[in-house]
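Participant: Here you go, this is work19.cif (mmCIF, C-alpha atoms).
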data_entry
loop_
_atom_site.label_atom_id
_atom_site.label_comp_id
_atom_site.auth_asym_id
_atom_site.auth_seq_id
_atom_site.Cartn_x
_atom_site.Cartn_y
_atom_site.Cartn_z
CA MET A 7 10.64 21.42 -10.95
CA SER A 8 13.21 21.13 -13.73
CA PHE A 9 11.98 20.11 -17.17
CA ASP A 10 12.69 16.70 -18.63
CA ARG A 11 11.01 14.42 -21.11
CA SER A 12 11.33 11.25 -19.05
CA ILE A 13 8.11 9.23 -18.98
CA LYS A 14 5.89 10.19 -16.08
CA ILE A 15 2.93 8.16 -14.83
CA ALA A 16 0.15 10.30 -13.34
CA PRO A 17 -2.57 8.15 -11.75
CA SER A 18 -6.00 9.77 -11.76
CA ILE A 19 -7.48 9.67 -8.28
CA LEU A 20 -10.93 9.64 -9.89
CA SER A 21 -10.41 5.86 -9.84
CA ALA A 22 -9.31 5.75 -6.18
CA ASP A 23 -11.38 4.82 -3.14
CA PHE A 24 -13.31 8.03 -2.44
CA ALA A 25 -13.54 7.19 1.27
CA ASN A 26 -9.76 6.93 1.61
CA PHE A 27 -8.12 9.55 -0.61
CA GLY A 28 -5.20 10.40 1.67
CA ALA A 29 -4.10 6.78 1.99
CA GLU A 30 -4.66 6.17 -1.72
CA ILE A 31 -2.46 9.12 -2.70
CA ARG A 32 0.30 8.00 -0.34
CA ALA A 33 0.04 4.45 -1.69
CA ILE A 34 0.37 5.34 -5.39
CA GLU A 35 3.31 7.65 -4.69
CA ALA A 36 5.06 4.97 -2.66
CA GLN A 37 4.47 2.57 -5.54
CA GLY A 38 6.12 4.79 -8.15
CA ALA A 39 3.65 7.41 -9.33
CA ASP A 40 5.44 10.51 -10.65
CA TRP A 41 2.48 12.91 -10.52
CA VAL A 42 -1.00 12.85 -8.99
CA HIS A 43 -3.75 13.79 -11.46
CA VAL A 44 -6.94 15.41 -10.11
CA ASP A 45 -9.96 15.49 -12.43
CA VAL A 46 -12.29 18.38 -11.61
CA MET A 47 -15.74 18.16 -13.22
CA ASP A 48 -18.69 20.51 -12.89
CA GLY A 49 -21.71 18.56 -14.20
CA HIS A 50 -22.06 21.24 -16.89
CA PHE A 51 -19.00 21.26 -19.15
CA VAL A 52 -18.82 17.47 -18.66
CA PRO A 53 -21.52 15.06 -17.44
CA ASN A 54 -20.13 14.38 -13.99
CA LEU A 55 -19.42 16.23 -10.75
CA THR A 56 -16.27 15.83 -8.68
CA PHE A 57 -13.88 17.94 -6.62
CA GLY A 58 -14.19 21.55 -5.48
CA PRO A 59 -11.27 23.59 -4.12
CA PRO A 60 -11.79 22.38 -0.51
CA ALA A 61 -11.34 18.77 -1.62
CA VAL A 62 -8.19 19.62 -3.56
CA LYS A 63 -6.87 21.49 -0.52
CA ALA A 64 -7.51 18.35 1.55
CA PHE A 65 -5.55 16.23 -0.95
CA ARG A 66 -2.56 18.57 -0.98
CA PRO A 67 -0.82 17.53 2.27
CA HIS A 68 -0.75 13.92 1.06
CA VAL A 69 0.83 14.75 -2.33
CA LYS A 70 4.63 14.80 -2.13
CA THR A 71 5.28 14.67 -5.88
CA PHE A 72 3.39 17.01 -8.25
CA MET A 73 -0.35 17.76 -8.22
CA ASP A 74 -1.73 18.18 -11.71
CA VAL A 75 -5.29 19.62 -11.62
CA HIS A 76 -7.37 19.16 -14.78
CA LEU A 77 -10.30 21.60 -14.81
CA MET A 78 -13.20 20.24 -16.85
CA ILE A 79 -15.35 23.20 -15.93
CA SER A 80 -16.96 26.15 -17.68
CA PRO A 81 -16.66 29.00 -17.03
CA VAL A 82 -13.16 28.42 -15.75
CA ASP A 83 -11.44 31.77 -15.16
CA GLN A 84 -13.10 32.70 -11.88
CA TYR A 85 -12.05 29.40 -10.26
CA ILE A 86 -8.37 29.49 -11.18
CA GLU A 87 -7.26 31.39 -8.08
CA ALA A 88 -9.17 29.04 -5.75
CA TYR A 89 -7.61 25.91 -7.22
CA ALA A 90 -4.16 27.50 -7.22
CA GLU A 91 -4.57 28.44 -3.56
CA ALA A 92 -5.77 24.89 -2.84
CA GLY A 93 -2.31 23.70 -3.88
CA ALA A 94 -2.31 22.85 -7.59
CA ASP A 95 1.19 22.70 -9.07
CA MET A 96 -0.31 22.87 -12.55
CA ILE A 97 -3.77 23.73 -13.84
CA THR A 98 -4.97 22.63 -17.26
CA ALA A 99 -8.00 24.17 -18.96
CA HIS A 100 -9.94 23.26 -22.08
CA ILE A 101 -9.90 25.53 -25.12
CA GLU A 102 -13.73 25.40 -25.17
CA ALA A 103 -14.14 26.27 -21.47
CA GLY A 104 -14.25 30.03 -22.05
CA PRO A 105 -14.13 32.66 -24.78
CA HIS A 106 -10.42 33.52 -24.41
CA ILE A 107 -8.04 30.62 -23.75
CA HIS A 108 -5.06 32.99 -24.04
CA ARG A 109 -6.41 35.02 -21.12
CA THR A 110 -7.15 31.84 -19.16
CA LEU A 111 -3.55 30.66 -19.53
CA GLN A 112 -2.29 34.11 -18.50
CA ALA A 113 -4.47 33.92 -15.39
CA ILE A 114 -3.05 30.53 -14.45
CA LYS A 115 0.53 31.71 -14.93
CA ALA A 116 -0.22 34.80 -12.86
CA GLN A 117 -0.81 32.48 -9.89
CA GLY A 118 2.83 31.40 -10.08
CA ILE A 119 2.04 27.85 -11.20
CA LYS A 120 2.33 25.88 -14.43
CA ALA A 121 -0.35 26.12 -17.10
CA GLY A 122 -1.66 23.63 -19.62
CA VAL A 123 -4.20 23.56 -22.41
CA VAL A 124 -6.50 20.62 -23.14
CA LEU A 125 -7.52 19.31 -26.55
CA ASN A 126 -10.71 17.24 -26.65
CA PRO A 127 -11.01 14.38 -29.17
CA GLY A 128 -12.88 16.70 -31.54
CA THR A 129 -10.44 19.61 -31.13
CA PRO A 130 -7.70 19.74 -33.78
CA ALA A 131 -4.03 19.96 -32.88
CA GLU A 132 -3.80 23.28 -34.70
CA ALA A 133 -6.13 24.89 -32.15
CA CYS A 134 -3.22 25.29 -29.72
CA ALA A 135 -0.66 26.58 -32.24
CA ASP A 136 -0.90 30.24 -31.25
CA ILE A 137 -0.81 29.69 -27.48
CA LEU A 138 2.06 27.24 -27.08
CA ASP A 139 4.38 29.92 -25.72
CA LEU A 140 2.04 30.25 -22.72
CA CYS A 141 1.88 26.49 -22.12
CA ASP A 142 3.90 24.20 -19.91
CA MET A 143 1.86 21.24 -21.14
CA VAL A 144 -0.60 20.19 -23.81
CA LEU A 145 -3.09 17.60 -22.59
CA ILE A 146 -4.53 15.46 -25.36
CA MET A 147 -7.76 13.70 -24.44
CA THR A 148 -7.99 10.21 -25.91
CA VAL A 149 -11.52 9.76 -24.55
CA ASN A 150 -14.36 12.23 -24.29
CA PRO A 151 -13.99 13.99 -20.92
CA GLY A 152 -16.36 13.22 -18.09
CA PHE A 153 -16.03 9.55 -17.21
CA GLY A 154 -13.30 7.08 -16.36
CA GLY A 155 -12.95 3.66 -17.93
CA GLN A 156 -13.63 4.63 -21.55
CA LYS A 157 -11.94 3.09 -24.57
CA PHE A 158 -8.95 4.79 -26.16
CA ILE A 159 -9.67 6.93 -29.25
CA HIS A 160 -6.87 6.16 -31.69
CA SER A 161 -7.01 9.46 -33.58
CA GLY A 162 -5.21 10.89 -30.56
CA VAL A 163 -1.98 9.21 -31.69
CA GLU A 164 -1.68 11.27 -34.86
CA LYS A 165 -2.76 14.38 -32.95
CA THR A 166 0.06 13.73 -30.47
CA ARG A 167 2.53 13.50 -33.34
CA LYS A 168 1.32 16.82 -34.76
CA VAL A 169 1.52 18.59 -31.39
CA ARG A 170 5.03 17.25 -30.81
CA GLN A 171 6.14 18.68 -34.16
CA MET A 172 4.54 22.03 -33.31
CA ILE A 173 6.31 22.18 -29.94
CA GLY A 174 9.76 21.74 -31.45
CA ASP A 175 12.46 22.45 -28.86
CA ARG A 176 10.17 24.28 -26.42
CA GLU A 177 9.98 22.89 -22.89
CA ILE A 178 6.39 21.70 -23.07
CA HIS A 179 5.09 18.36 -21.83
CA ILE A 180 2.54 16.32 -23.78
CA GLN A 181 0.10 14.53 -21.52
CA ILE A 182 -2.32 11.80 -22.60
CA ASP A 183 -5.54 11.22 -20.67
CA GLY A 184 -7.99 8.46 -21.50
CA GLY A 185 -7.75 4.73 -22.04
CA VAL A 186 -4.05 4.56 -21.20
CA THR A 187 -2.98 0.94 -20.71
CA PRO A 188 0.18 -1.10 -21.40
CA GLU A 189 -1.29 -1.63 -24.88
CA THR A 190 -1.92 2.04 -25.75
CA ALA A 191 0.94 3.70 -23.85
CA PRO A 192 3.63 2.74 -26.41
CA LEU A 193 1.58 4.26 -29.24
CA VAL A 194 1.35 7.74 -27.73
CA VAL A 195 4.88 7.76 -26.34
CA ALA A 196 6.26 6.83 -29.76
CA ALA A 197 4.29 9.82 -31.11
CA GLY A 198 5.87 12.20 -28.56
CA ALA A 199 3.93 12.03 -25.28
CA ASP A 200 5.81 11.98 -21.98
CA VAL A 201 3.10 12.20 -19.26
CA LEU A 202 0.51 9.41 -19.06
CA VAL A 203 -2.66 9.71 -16.98
CA ALA A 204 -4.06 6.34 -15.97
CA GLY A 205 -7.01 5.71 -13.71
CA SER A 206 -8.51 2.24 -13.79
CA ALA A 207 -5.30 0.84 -15.33
CA VAL A 208 -3.42 1.78 -12.14
CA PHE A 209 -6.05 1.17 -9.48
CA LYS A 210 -7.64 -2.04 -10.83
CA GLY A 211 -7.22 -5.01 -8.54
CA GLY A 212 -5.49 -3.11 -5.76
CA SER A 213 -6.31 -1.23 -2.57
CA VAL A 214 -4.49 0.61 0.21
CA ASP A 215 -4.20 -2.81 1.87
CA THR A 216 -2.67 -4.38 -1.26
CA PRO A 217 -0.76 -1.44 -2.77
CA ASP A 218 1.78 -3.68 -4.47
CA VAL A 219 -0.86 -4.19 -7.17
CA TYR A 220 -0.73 -0.45 -7.89
CA GLY A 221 3.04 -0.74 -8.19
CA ALA A 222 2.80 -3.65 -10.60
CA ASN A 223 0.28 -1.76 -12.74
CA ILE A 224 2.43 1.40 -12.79
CA ARG A 225 5.53 -0.59 -13.72
CA ALA A 226 3.67 -2.38 -16.52
CA ILE A 227 2.52 0.91 -18.05
CA ARG A 228 5.97 2.46 -17.67
CA ALA A 229 7.76 -0.54 -19.20
CA ALA A 230 5.39 -0.58 -22.17
CA ALA A 231 5.81 3.17 -22.64
CA GLU A 232 9.59 2.90 -22.52
CA GLY A 233 9.35 0.20 -25.15
CA GLY A 234 7.39 2.57 -27.38
CA ARG A 235 10.05 5.22 -26.99
CA THR A 236 12.80 2.76 -27.86
CA GLN A 237 10.96 1.69 -31.01
CA ALA A 238 10.44 5.30 -32.03
CA ALA A 239 14.15 5.98 -31.64
#
Please rewrite the model in this file as structure tokens.

Facilitator:
Amino acid sequence: MSFDRSIKIAPSILSADFANFGAEIRAIEAQGADWVHVDVMDGHFVPNLTFGPPAVKAFRPHVKTFMDVHLMISPVDQYIEAYAEAGADMITAHIEAGPHIHRTLQAIKAQGIKAGVVLNPGTPAEACADILDLCDMVLIMTVNPGFGGQKFIHSGVEKTRKVRQMIGDREIHIQIDGGVTPETAPLVVAAGADVLVAGSAVFKGGSVDTPDVYGANIRAIRAAAEGGRTQAA
């Protein structure tokens, strides 16, 4: 996949109908999703439990765009190969998920896929300064990881601005995850973000039987984000 900084909407299937994942994935892609975001939680690093490698492997045939797998697990290194083999196009890992984030990123890249690092709300932007050359993406959490539907933490806007300055001309995406809505999307895009994860903001009010609602939600977020970019310019 060639690199570009166009705005990408990555619905989190954590907010989808768990009994109908294949149809949900096909519906959001048909309605304009650019990526599909898969939140993996272990009940240890974060207070929730979601998808193991077999589930991700089951999602893969339905994803025609780009499957972005966010590992909220610790330890993380010994699971990288399994999630890569399950079909992840990119794996992101938290700085706090193991003792050596540099080694973790090397392990992801060794699988022949893209690698990202995740900054929690309490993790400073500077924590990723020395590993940017191993990153294809920096994911900035604007909620505490572990649950959907939380309110946006506004300190993430300034953190996004700092990370964007640190990246410079390197081909590294900035992804925002948490509380992304048409109201918050312009703030982070103006600060330098280009990939927006949205769960409830995409799936609210819709279903596989009424997927046009997903499309309307995606378009609303994208339009607001584009407006933020225009204002920043």

Participant: With the file shown as input, list the residues that the PyMOL selection byres ((chain A and resi 71) around 9) selects, as a PDB file with C-alpha atoms, in the coordinates of the input.

Facilitator:
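Dumped to selection_28.pdb:
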ATOM      1  CA  GLU A  35       3.310   7.650  -4.690  1.00  0.00           C
ATOM      2  CA  ALA A  39       3.650   7.410  -9.330  1.00  0.00           C
ATOM      3  CA  ASP A  40       5.440  10.510 -10.650  1.00  0.00           C
ATOM      4  CA  TRP A  41       2.480  12.910 -10.520  1.00  0.00           C
ATOM      5  CA  VAL A  42      -1.000  12.850  -8.990  1.00  0.00           C
ATOM      6  CA  VAL A  69       0.830  14.750  -2.330  1.00  0.00           C
ATOM      7  CA  LYS A  70       4.630  14.800  -2.130  1.00  0.00           C
ATOM      8  CA  PHE A  72       3.390  17.010  -8.250  1.00  0.00           C
ATOM      9  CA  MET A  73      -0.350  17.760  -8.220  1.00  0.00           C
TER      10      MET A  73
END

Participant: Decode the PyMOL selection byres ((chain A and resi 122) around 7) for the given file into explicit residues and return them as an MDAnalysis selection string.

Facilitator: chainID A and resid 97:99 120:121 123:124 141:145

Participant: Using the file's own x, y and z axes, so that the box edges lie along x, y and z, what centre and edge lengths in Å (one decimal) does a box around every listed atom of region 79-82 of chain A get when 6 Å is added on each side? Give it as AutoDock Vina command-line options.

Facilitator:
--center_x -15.1 --center_y 26.1 --center_z -16.7 --size_x 15.8 --size_y 17.8 --size_z 13.9

Participant: For Asp10 (chain A), which residue out of A:Ala231, A:Gly184, A:Val201, A:Gly212 is the nearest one, using all atoms listed in the file?

Facilitator: A:Val201

Participant: Choose the residue, out of A:Ile101, A:Met172, A:Val214, A:Ala116, that has the smallest atom-to-atom separation from Gly28 (chain A); count all atoms listed in the file.

Facilitator: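 Counting all atoms listed in the file, the residue closest to Gly28 (chain A) is A:Val214.
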
Participant: How would you write as an MDAnalysis selection string the residues that get within 6 Å of (-13.8, 30.4, -18.1) in the file's frame, counting all atoms listed in the file?

Facilitator: chainID A and resid 80:83 103:104

Participant: With distances taken over all atoms listed in the file, which of A:Gly205, A:His100, A:Ile173, A:Ile13 is nearest to Ala230 (chain A)?

Facilitator: A:Ile13

Participant: May I have the protein, DNA and RNA residues with an atom at most 12 Å from (-7.3, 28.5, -7.7), counting only C-alpha atoms in the file's coordinates, returned as an mmCIF file with C-alpha atoms, in the frame of the given file?

Facilitator:
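Output file point.cif is given in full below:
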data_model
loop_
_atom_site.group_PDB
_atom_site.id
_atom_site.type_symbol
_atom_site.label_atom_id
_atom_site.label_comp_id
_atom_site.auth_asym_id
_atom_site.auth_seq_id
_atom_site.Cartn_x
_atom_site.Cartn_y
_atom_site.Cartn_z
ATOM 1 C CA VAL A 46 -12.290 18.380 -11.610
ATOM 2 C CA GLY A 58 -14.190 21.550 -5.480
ATOM 3 C CA PRO A 59 -11.270 23.590 -4.120
ATOM 4 C CA PRO A 60 -11.790 22.380 -0.510
ATOM 5 C CA VAL A 62 -8.190 19.620 -3.560
ATOM 6 C CA LYS A 63 -6.870 21.490 -0.520
ATOM 7 C CA VAL A 75 -5.290 19.620 -11.620
ATOM 8 C CA HIS A 76 -7.370 19.160 -14.780
ATOM 9 C CA LEU A 77 -10.300 21.600 -14.810
ATOM 10 C CA VAL A 82 -13.160 28.420 -15.750
ATOM 11 C CA ASP A 83 -11.440 31.770 -15.160
ATOM 12 C CA GLN A 84 -13.100 32.700 -11.880
ATOM 13 C CA TYR A 85 -12.050 29.400 -10.260
ATOM 14 C CA ILE A 86 -8.370 29.490 -11.180
ATOM 15 C CA GLU A 87 -7.260 31.390 -8.080
ATOM 16 C CA ALA A 88 -9.170 29.040 -5.750
ATOM 17 C CA TYR A 89 -7.610 25.910 -7.220
ATOM 18 C CA ALA A 90 -4.160 27.500 -7.220
ATOM 19 C CA GLU A 91 -4.570 28.440 -3.560
ATOM 20 C CA ALA A 92 -5.770 24.890 -2.840
ATOM 21 C CA GLY A 93 -2.310 23.700 -3.880
ATOM 22 C CA ALA A 94 -2.310 22.850 -7.590
ATOM 23 C CA ASP A 95 1.190 22.700 -9.070
ATOM 24 C CA MET A 96 -0.310 22.870 -12.550
ATOM 25 C CA ILE A 97 -3.770 23.730 -13.840
ATOM 26 C CA THR A 98 -4.970 22.630 -17.260
ATOM 27 C CA THR A 110 -7.150 31.840 -19.160
ATOM 28 C CA ALA A 113 -4.470 33.920 -15.390
ATOM 29 C CA ILE A 114 -3.050 30.530 -14.450
ATOM 30 C CA LYS A 115 0.530 31.710 -14.930
ATOM 31 C CA ALA A 116 -0.220 34.800 -12.860
ATOM 32 C CA GLN A 117 -0.810 32.480 -9.890
ATOM 33 C CA GLY A 118 2.830 31.400 -10.080
ATOM 34 C CA ILE A 119 2.040 27.850 -11.200
ATOM 35 C CA ALA A 121 -0.350 26.120 -17.100
#

Participant: For CA of Asn150 (chain A) and CA of Ser21 (chain A), determine how far apart the two atoms are, in Å to one decimal place.

Facilitator: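 We find that CA of Asn150 (chain A) and CA of Ser21 (chain A) lie 16.3 Å from each other.
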
Participant: Pick the closest to Ala64 (chain A) from A:Ala196, A:Val163, A:Ala36, A:Asn26: which is it, counting all atoms listed in the file?

Facilitator: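 Once distances to Ala64 (chain A) are computed over all atoms listed in the file, the minimum belongs to A:Asn26.
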
Participant: Using only C-alpha atoms, can you tell me which of A:Ala61, A:Val203, A:Ala229, A:Ile79 comes closest to Pro188 (chain A)?

Facilitator: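 So, comparing all the options, the nearest one is A:Ala229.
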
Participant: Can you list what the PyMOL selection byres ((chain A and resi 219-222) around 6) grabs from this structure, as a list in words?

Facilitator: Gln37, Val208, Phe209, Gly212, Pro217, Asp218, Asn223, Ile224 and Arg225 of chain A

Participant: Considering all atoms listed in the file, return as a PyMOL selection string whatever protein or nucleic-acid residues lie within 10 Å of Pro130 (chain A), sequence-local ones (same chain, fewer than 3 positions apart) excluded.

Facilitator: chain A and resi 125-127+133-135+146+162+165+168-169

Participant: Just how far from CA of Ala191 (chain A) is CA of Glu232 (chain A), in Å to one decimal?

Facilitator: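 These atoms are spaced 8.8 Å apart.
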
Participant: Taking into account all atoms listed in the file, which residue in the set A:Phe9, A:Phe27, A:Phe158, A:Phe153 is nearest to Pro67 (chain A)?

Facilitator: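 Closest candidate: A:Phe27.
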
Participant: Please, what distance in Å, to one decimal, runs between CA of Arg170 (chain A) and CA of Gly198 (chain A)?

Facilitator: 5.6 Å

Participant: Using only C-alpha atoms, which protein or nucleic acid residues come within 12 Å of Gly152 (chain A)? Drop anything in the same chain fewer than 4 positions from it, and give the result as a list in words.

Facilitator: Leu20, Asp45, Val46, Met47, Asp48, Gly49, His50, Phe51, Val52, Pro53, Asn54, Leu55, Thr56, His76, Leu77, Met78, Ile79, Asn126, Met147, Thr148, Gln156, Asp183 and Gly184 of chain A

Participant: Could you write those residues out with C-alpha atoms, as an mmCIF file, in the frame of the given file?

Facilitator:
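Output saved as out-v5.cif:
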data_model
loop_
_atom_site.group_PDB
_atom_site.id
_atom_site.type_symbol
_atom_site.label_atom_id
_atom_site.label_comp_id
_atom_site.auth_asym_id
_atom_site.auth_seq_id
_atom_site.Cartn_x
_atom_site.Cartn_y
_atom_site.Cartn_z
ATOM 1 C CA LEU A 20 -10.930 9.640 -9.890
ATOM 2 C CA ASP A 45 -9.960 15.490 -12.430
ATOM 3 C CA VAL A 46 -12.290 18.380 -11.610
ATOM 4 C CA MET A 47 -15.740 18.160 -13.220
ATOM 5 C CA ASP A 48 -18.690 20.510 -12.890
ATOM 6 C CA GLY A 49 -21.710 18.560 -14.200
ATOM 7 C CA HIS A 50 -22.060 21.240 -16.890
ATOM 8 C CA PHE A 51 -19.000 21.260 -19.150
ATOM 9 C CA VAL A 52 -18.820 17.470 -18.660
ATOM 10 C CA PRO A 53 -21.520 15.060 -17.440
ATOM 11 C CA ASN A 54 -20.130 14.380 -13.990
ATOM 12 C CA LEU A 55 -19.420 16.230 -10.750
ATOM 13 C CA THR A 56 -16.270 15.830 -8.680
ATOM 14 C CA HIS A 76 -7.370 19.160 -14.780
ATOM 15 C CA LEU A 77 -10.300 21.600 -14.810
ATOM 16 C CA MET A 78 -13.200 20.240 -16.850
ATOM 17 C CA ILE A 79 -15.350 23.200 -15.930
ATOM 18 C CA ASN A 126 -10.710 17.240 -26.650
ATOM 19 C CA MET A 147 -7.760 13.700 -24.440
ATOM 20 C CA THR A 148 -7.990 10.210 -25.910
ATOM 21 C CA GLN A 156 -13.630 4.630 -21.550
ATOM 22 C CA ASP A 183 -5.540 11.220 -20.670
ATOM 23 C CA GLY A 184 -7.990 8.460 -21.500
#
